[in-house]
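What follows is one structure encoded as structure tokens, with my remarks underneath.
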Amino acid sequence: ESNTKSWQVMSSGVRLAHAEHVVLAAGPGCTDLCFGVMRQYVNVATPPFDAIRGQVSWGLMAQTPNAALPPKPINGRGSFVPHVPTPEGAAWFLGSTYDRFHPHDGVTEEDHDFNLNRLAELFPDAADALKPVFDQDVKGWVGVRCTLHDRLPLVGSVADAPAGLWINSAMGSRGLTLGLLCSEILVAQMTGHPSPVDDHLVRAISSHRFAEKARAKMQRS
């Protein structure tokens with residue numbers, strides 16, 4: 001919530017922090033955060049976020065020392081990345097699923113099968129070599145992406161909210177590649193410094209684009 005000088009971060013009525021600026025950067029959790037702001041400020045609309053579940057399958061390279069695995073990452077309808085350093089040793093990672101309406105937040109055998117079938121399309125020999133691992137003790141990891149229907153990030157001040165509330169979200173599967181750049185764009189807006197990208201790119205990812213489209217639609221009707 002906002003007062004005359006700063007924003008306050010509240011939980012169950014307890015103030016956790018306060019600052020002149022607050023950035024919503026909670027992935028799919030931004031939906032609830034924006035809804036909380038919307039309840040206080042009637043003109044603030046929650047962006048149309050989608051939560052997209054994804055499961056990665058993985059295992060240790062040492063489990064299949066003589067397997068015909070590709071030496072480098074391969075991509076197509078899915079991705080396979082070998083020789084990834086982990087605390088348990090070098091590993092391979094395969095995935096990922098892309099499920100908008102998946103009811104489970106845990107690892108499922110169904111999605112392991114999906115990933116293995118995708119690998120069979122990408123690199124059949126690798127799929128054959130890893131099938132025993134999938135039959136026994138393949139590992140998995142599940143996460144939830146935050147996306148919008150236009151598949152572009154949402155960066156900037158929260159539309160129609162009081163000054164000082166910002167958002168940096170909706171990067172889908174590209175958080176590692178987009179996160180730093182979008183953060184630089186956001187900081188440039190907050191501080192009034194030149195943007196690191198062209199104006200047309202800033203407009204494309206503007207946090208105001210959905211509110212502006214909604215207002216334009218209302219004016220036409």
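By convention in this document, the chains of the structure tokens carry letters A, B, ... by their order, each chain's residues are numbered from 1, and ligands are numbered from 1 in the order they are shown.
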Practice problem: Give me the residues within 7 Å of stretch 91-98 of chain A as a list in words, counting only C-alpha atoms and dropping any in the same chain fewer than 2 places off. | Solution: Ile52, Arg53, Gly54, Gln55, Val56, Ser57, Trp58, Gly59, Leu60, Met61, Gly78, Ser79, Phe80, Val81, Pro82, His83, Val84, Pro85, Thr86, Gly89, Arg100, Asp111 and Asn115 of chain A
For the residues selected in the previous step, produce a file with C-alpha atoms as a CSV table (one decimal), in the first residue's frame.
```
chain,number,residue,atom,x,y,z
A,52,ILE,CA,2.7,-21.9,-17.5
A,53,ARG,CA,3.9,-25.0,-15.7
A,54,GLY,CA,7.1,-26.7,-17.0
A,55,GLN,CA,8.9,-29.9,-16.0
A,56,VAL,CA,12.6,-30.7,-16.7
A,57,SER,CA,13.9,-34.2,-16.6
A,58,TRP,CA,17.6,-34.7,-15.6
A,59,GLY,CA,20.2,-37.2,-14.5
A,60,LEU,CA,23.9,-37.6,-13.9
A,61,MET,CA,26.3,-38.2,-16.8
A,78,GLY,CA,12.6,-29.1,-26.8
A,79,SER,CA,16.2,-29.0,-25.6
A,80,PHE,CA,18.9,-31.3,-24.3
A,81,VAL,CA,21.9,-29.9,-22.4
A,82,PRO,CA,24.7,-32.3,-21.4
A,83,HIS,CA,27.7,-31.8,-19.1
A,84,VAL,CA,26.0,-29.3,-16.7
A,85,PRO,CA,28.0,-28.9,-13.5
A,86,THR,CA,26.0,-29.7,-10.3
A,89,GLY,CA,28.5,-34.2,-10.6
A,100,ARG,CA,-1.2,-23.9,-19.1
A,111,ASP,CA,5.9,-35.4,-18.2
A,115,ASN,CA,10.3,-35.2,-22.4
```
Practice problem: Identify, with DSSP run on backbone atoms, the residues in stretch 4-190 of chain A assigned to helix (DSSP H, G or I), and express the list as a VMD selection string. | Solution: chain A and resid 27 to 40 61 to 63 109 to 122 124 to 136 175 to 190
Selection above as a file: C-alpha atoms, as a tab-separated table (two decimals), in the first residue's frame:
```tsv
chain	number	residue	atom	x	y	z
A	27	GLY	CA	6.84	-14.21	-11.71
A	28	PRO	CA	3.34	-15.74	-11.61
A	29	GLY	CA	2.95	-14.31	-8.10
A	30	CYS	CA	2.56	-10.89	-9.71
A	31	THR	CA	-1.07	-11.77	-10.43
A	32	ASP	CA	-1.96	-11.79	-6.72
A	33	LEU	CA	0.24	-8.78	-5.99
A	34	CYS	CA	-1.40	-6.72	-8.74
A	35	PHE	CA	-4.82	-7.84	-7.56
A	36	GLY	CA	-3.96	-6.61	-4.07
A	37	VAL	CA	-3.09	-3.20	-5.48
A	38	MET	CA	-6.23	-3.22	-7.63
A	39	ARG	CA	-8.41	-3.63	-4.53
A	40	GLN	CA	-7.02	-0.36	-3.16
A	61	MET	CA	26.29	-38.24	-16.80
A	62	ALA	CA	28.00	-40.93	-14.70
A	63	GLN	CA	24.85	-43.07	-14.84
A	109	GLU	CA	5.88	-39.64	-14.80
A	110	GLU	CA	3.65	-38.44	-17.61
A	111	ASP	CA	5.86	-35.41	-18.17
A	112	HIS	CA	9.03	-37.49	-17.96
A	113	ASP	CA	7.59	-39.61	-20.78
A	114	PHE	CA	6.77	-36.47	-22.74
A	115	ASN	CA	10.34	-35.20	-22.41
A	116	LEU	CA	11.82	-38.55	-23.44
A	117	ASN	CA	9.58	-38.67	-26.51
A	118	ARG	CA	10.72	-35.18	-27.46
A	119	LEU	CA	14.33	-36.33	-27.13
A	120	ALA	CA	13.56	-39.26	-29.44
A	121	GLU	CA	12.63	-36.68	-32.10
A	122	LEU	CA	15.72	-34.56	-31.46
A	124	PRO	CA	17.03	-40.85	-31.17
A	125	ASP	CA	20.30	-42.48	-30.06
A	126	ALA	CA	20.36	-40.37	-26.91
A	127	ALA	CA	16.75	-41.27	-26.11
A	128	ASP	CA	17.55	-44.97	-26.45
A	129	ALA	CA	20.62	-44.60	-24.24
A	130	LEU	CA	18.73	-42.74	-21.50
A	131	LYS	CA	15.61	-44.90	-21.44
A	132	PRO	CA	16.99	-47.15	-18.64
A	133	VAL	CA	17.52	-44.04	-16.51
A	134	PHE	CA	13.94	-42.93	-17.16
A	135	ASP	CA	12.71	-46.41	-16.24
A	136	GLN	CA	14.53	-46.34	-12.89
A	175	GLY	CA	14.14	-15.04	-17.71
A	176	LEU	CA	17.88	-15.68	-17.77
A	177	THR	CA	18.33	-13.87	-21.08
A	178	LEU	CA	15.79	-11.07	-20.57
A	179	GLY	CA	16.03	-10.46	-16.83
A	180	LEU	CA	19.17	-8.32	-16.77
A	181	LEU	CA	18.25	-6.27	-19.83
A	182	CYS	CA	14.71	-5.62	-18.61
A	183	SER	CA	16.12	-4.59	-15.22
A	184	GLU	CA	18.42	-2.08	-16.93
A	185	ILE	CA	15.46	-0.69	-18.86
A	186	LEU	CA	13.44	-0.39	-15.66
A	187	VAL	CA	16.22	1.35	-13.73
A	188	ALA	CA	16.68	3.81	-16.60
A	189	GLN	CA	12.99	4.70	-16.35
A	190	MET	CA	13.16	5.03	-12.57
```
Exercise. Identify, with DSSP run on backbone atoms, the residues in stretch 18-102 of chain A assigned to strand (DSSP E), and express the list as an MDAnalysis selection string.
Key: chainID A and resid 18:19 22:24 50:60 74:76 78:84 91:95
Quiz item: Using only C-alpha atoms, which residue out of A:Ala67, A:Cys146, A:Val202, A:Val155 lies closest to A:Ala170?
Solution: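 When distances to A:Ala170 are compared using only C-alpha atoms, the smallest one comes from A:Cys146.
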Quiz item: Can you tell me how far atom CA of A:Trp141 sits from atom CA of A:Phe101, in Å to one decimal?
Solution: 17.6 Å
Self-check item: Distance criterion (only C-alpha atoms): nearest to A:Ala51 out of A:Arg145, A:Lys217, A:His200, A:Lys72
Solution: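 Distance minimum relative to A:Ala51 lands on A:Arg145.
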Practice problem: Choose the residue, out of A:Ala25, A:Leu201, A:Ala17, A:Val9, that has the smallest atom-to-atom separation from A:Val158; count only C-alpha atoms. | Solution: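 Closest to A:Val158 of all the choices is A:Ala25.
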Exercise. Between atom CA of A:Leu148 and atom CA of A:Ile167, measure the distance and give it in Å to one decimal.
Key: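 One can read the atom CA of A:Leu148 to atom CA of A:Ile167 distance as 13.5 Å.
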